[in-house]
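Written below as structure tokens is the structure these notes are about.
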Amino acid sequence: METMIPPSALPVRFSLLRWYGIVLKEFIQLRRDRLTFGMIIGIPIVQLLLFGFAINVDPRNLPTAVIDLNQSEFSRSFIAGMEKTRYFSIDRNIAGEAQADAALAAGKVQFVVSIPPDFSRKLMRGERPALLIQADATDPASTSNALAAITQLSHNVLQKDLRGALSKLNGGAAPFEVRVHRLYNEEGITQYNIVPGLMGVILTMTMVLMTSLAMTRERERGTMENLLATPTLPLEIMTGKITPYIMIGLIQATLTIAAARFVFHVPFVGSVLQLYVVIMIFIGANLTLGITFSSLARNQLQAMQMTFFFFLPSILLSGFAFPFRGMPHWAQSLGEALPLTHFVRLARGILLKGNGWIELWPNIWPLMAFIAVVMAMGLMLFHKTLD
């Protein structure tokens, strides 16, 4: 029976010695719970590194294809001026119009600049020729500053070339016109960019968290022994645990798609079947990761901490919240390893661009590879858990 200390027997003065004992006890407990201690130290460091070095809302060196049908001194000066702004990185391996359009649809280039064959002739006649810039506007934040820079460029890029009789073209209006055609999101509506990616964010958060808690909950409640006593293989237990969450994920995805279509009026250009195939693969990636977390974590608190640790870079490095191409190469490499990065591209590609399997495949195979690797790790860790 527990002995209660009467209030009159409690000390009335603050004791530094007793206080030091409590502090020491807490440090010892933190040292024993190494995973929690690692999260306490690791999460602020990750936040500091990502926000300080990786996040950039003014992306530079955006891949750009130029179709120069004029091949004149003026067109070369314009292309050189684009490169000097540092917003554009000219991809010289793309020559034809069809190849440039395919690269734009697949997301390999952000802009396609077309200079007409009669650009120089009209320029010297003072007819203000127009050149066309096609921009992938599925992510308006990536393109807005670059388009503003190129509009400003048209006023001064040819000043050194317009000399002698052509000097009258300097001053006043720009000697040529820049026509911008925003593709896939002509009005630059933010919801068109955010809502398809938001489906991936919701699925990542709920799928990883729920499955990571599933196994640890069994362990904490002591019901894991019942599962281990049954004649089932680790693979059967893992797949059996995640199947109900696949159904939940599909319901969440369906609700998000319905809201995107009927509440936010996001265009749906692509195939519904393709979208659900991609969703199934993405759900599989998240569920295998959640099961792996549950094999690593000792309790539900650790499972939640590990989920948050994974969720943070997924949000920041996937291109959902910040322009992917604005990040340094090391951050882009980390982002390429995250399932959400590829799902955001796939969802935007299907909904806004109507991409087919050829354009989708470069982002599908990384998800399948992620599932294979994480599933193998999960099975290995699960065997150790059984031991």
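Within each chain, counting starts at residue 1; across the structure tokens, chains are named A, B, ... in the order shown, with ligands numbered 1 upward in that order.
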Using the chain letters and numbers from this document, which residues of stretch 11-71 of chain A does DSSP assign to strand (DSSP E or B), as JSON, numbers by chain?
{"A": [62, 63, 64, 65, 66, 67, 68]}
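Residues lying within 7 Å of stretch 176-183 of chain A, counting only C-alpha atoms and ignoring same-chain neighbours fewer than 2 positions away, are Leu123, Arg128, Pro129, Ala130, Leu131, Leu132, Ile133, Gln134, Ala135, Asp136, Ala137, Thr151, Ser154, Ala174, Asn185 and Glu186 of chain A.
Between atom CA of A:Ser318 and atom CA of A:Ala303 the interatomic distance comes to 22.1 Å.
Remark: for A:Gly42, the closest of the candidate residues A:Phe308, A:Phe282, A:Phe111, A:Phe78 is A:Phe308 (distances computed over only C-alpha atoms).
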Alpha helix (DSSP H) residues, from DSSP on the backbone, in stretch 164-319 of chain A, as a PyMOL selection string
chain A and resi 190-221+224-229+234-262+272-296+300-317
All residues 12 Å or closer to A:Leu273, only C-alpha atoms, same chain fewer than 6 positions away omitted, as a count of residues only:
7
Enumerate, in order of chain and increasing residue number, the residues of stretch 235-354 of chain A with an atom no farther than 8 Å from stretch 363-382 of chain A, each with its shortest atom pair and distance in Å to one decimal, counting only C-alpha atoms, as CSV.
```
residue,atom,partner,partner_atom,distance
A:Leu235,CA,A:Leu379,CA,7.1
A:Val278,CA,A:Ile364,CA,7.4
A:Ile281,CA,A:Leu367,CA,6.9
A:Phe282,CA,A:Leu367,CA,6.8
A:Gly284,CA,A:Ile371,CA,6.8
A:Ala285,CA,A:Ile371,CA,4.9
A:Thr288,CA,A:Met375,CA,5.7
A:Leu289,CA,A:Val374,CA,6.2
A:Ile291,CA,A:Gly378,CA,6.6
A:Thr292,CA,A:Gly378,CA,4.4
A:Ser295,CA,A:Phe382,CA,5.7
A:Leu296,CA,A:Leu381,CA,7.1
A:Ala337,CA,A:Pro366,CA,7.8
A:Pro339,CA,A:Leu367,CA,5.9
A:His342,CA,A:Asn363,CA,5.2
A:Phe343,CA,A:Asn363,CA,7.5
A:Arg345,CA,A:Asn363,CA,7.4
A:Leu346,CA,A:Asn363,CA,6.7
```
For stretch 144-223 of chain A against stretch 245-268 of chain A, with a cut-off of 8 Å and counting only C-alpha atoms, what is the closest atom pair and its distance in Å to one decimal for every residue that makes the cut, ordered by chain and number, as JSON lines?
```
{"residue": "A:Gln191", "atom": "CA", "partner": "A:Phe264", "partner_atom": "CA", "distance": 6.8}
{"residue": "A:Tyr192", "atom": "CA", "partner": "A:Val266", "partner_atom": "CA", "distance": 5.4}
{"residue": "A:Val195", "atom": "CA", "partner": "A:Ala260", "partner_atom": "CA", "distance": 6.3}
{"residue": "A:Pro196", "atom": "CA", "partner": "A:Ala260", "partner_atom": "CA", "distance": 7.5}
{"residue": "A:Met199", "atom": "CA", "partner": "A:Thr256", "partner_atom": "CA", "distance": 6.1}
{"residue": "A:Leu203", "atom": "CA", "partner": "A:Gly249", "partner_atom": "CA", "distance": 6.4}
{"residue": "A:Met207", "atom": "CA", "partner": "A:Tyr245", "partner_atom": "CA", "distance": 6.9}
{"residue": "A:Met210", "atom": "CA", "partner": "A:Tyr245", "partner_atom": "CA", "distance": 7.8}
{"residue": "A:Thr211", "atom": "CA", "partner": "A:Tyr245", "partner_atom": "CA", "distance": 7.5}
```
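Comparing A:Met82, A:Ala141, A:Leu49, A:Leu158 by their smallest distance to A:Arg325, the closest is A:Ala141 (using only C-alpha atoms).
In this comparison, which uses only C-alpha atoms, the residue of A:Ala214, A:Ile315, A:Ile22, A:Ala106 approaching A:Leu198 most closely is A:Ile315.
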Residue contacts of stretch 27-41 of chain A (7 Å, only C-alpha atoms) excluding same-chain residues fewer than 4 positions away, as a PyMOL selection string:
chain A and resi 23+45+302+305
Include all heavy atoms and write out the residues we just selected as a PDB file, in the first residue's frame.
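Saved the output as result18.pdb:
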```pdb
ATOM      1  N   VAL A  23      16.953  17.211 -11.872  1.00  0.00           N
ATOM      2  CA  VAL A  23      17.551  17.518 -13.176  1.00  0.00           C
ATOM      3  C   VAL A  23      18.408  16.354 -13.657  1.00  0.00           C
ATOM      4  O   VAL A  23      18.335  15.943 -14.836  1.00  0.00           O
ATOM      5  CB  VAL A  23      18.390  18.809 -13.076  1.00  0.00           C
ATOM      6  CG1 VAL A  23      19.197  19.010 -14.359  1.00  0.00           C
ATOM      7  CG2 VAL A  23      17.504  20.009 -12.828  1.00  0.00           C
ATOM      8  N   ILE A  45      18.188  20.945 -36.057  1.00  0.00           N
ATOM      9  CA  ILE A  45      19.312  21.065 -37.005  1.00  0.00           C
ATOM     10  C   ILE A  45      18.813  20.927 -38.440  1.00  0.00           C
ATOM     11  O   ILE A  45      19.213  21.693 -39.339  1.00  0.00           O
ATOM     12  CB  ILE A  45      20.388  20.002 -36.685  1.00  0.00           C
ATOM     13  CG1 ILE A  45      21.047  20.320 -35.344  1.00  0.00           C
ATOM     14  CG2 ILE A  45      21.429  19.938 -37.794  1.00  0.00           C
ATOM     15  CD1 ILE A  45      22.031  19.281 -34.885  1.00  0.00           C
ATOM     16  N   GLN A 302       7.693   7.429 -30.095  1.00  0.00           N
ATOM     17  CA  GLN A 302       8.826   7.397 -31.013  1.00  0.00           C
ATOM     18  C   GLN A 302       8.364   7.260 -32.457  1.00  0.00           C
ATOM     19  O   GLN A 302       8.953   7.845 -33.367  1.00  0.00           O
ATOM     20  CB  GLN A 302       9.760   6.241 -30.641  1.00  0.00           C
ATOM     21  CG  GLN A 302      10.549   6.464 -29.362  1.00  0.00           C
ATOM     22  CD  GLN A 302      11.556   5.364 -29.109  1.00  0.00           C
ATOM     23  OE1 GLN A 302      11.570   4.346 -29.800  1.00  0.00           O
ATOM     24  NE2 GLN A 302      12.403   5.554 -28.108  1.00  0.00           N
ATOM     25  N   GLN A 305       7.365  10.652 -33.571  1.00  0.00           N
ATOM     26  CA  GLN A 305       8.539  11.505 -33.777  1.00  0.00           C
ATOM     27  C   GLN A 305       9.229  11.177 -35.103  1.00  0.00           C
ATOM     28  O   GLN A 305       9.653  12.067 -35.839  1.00  0.00           O
ATOM     29  CB  GLN A 305       9.520  11.324 -32.616  1.00  0.00           C
ATOM     30  CG  GLN A 305       9.025  11.915 -31.314  1.00  0.00           C
ATOM     31  CD  GLN A 305       9.924  11.558 -30.144  1.00  0.00           C
ATOM     32  OE1 GLN A 305      10.588  10.525 -30.147  1.00  0.00           O
ATOM     33  NE2 GLN A 305       9.956  12.409 -29.139  1.00  0.00           N
TER      34      GLN A 305
END
```
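Between atom CA of A:Glu83 and atom CA of A:Asn61 the interatomic distance comes to 8.3 Å.
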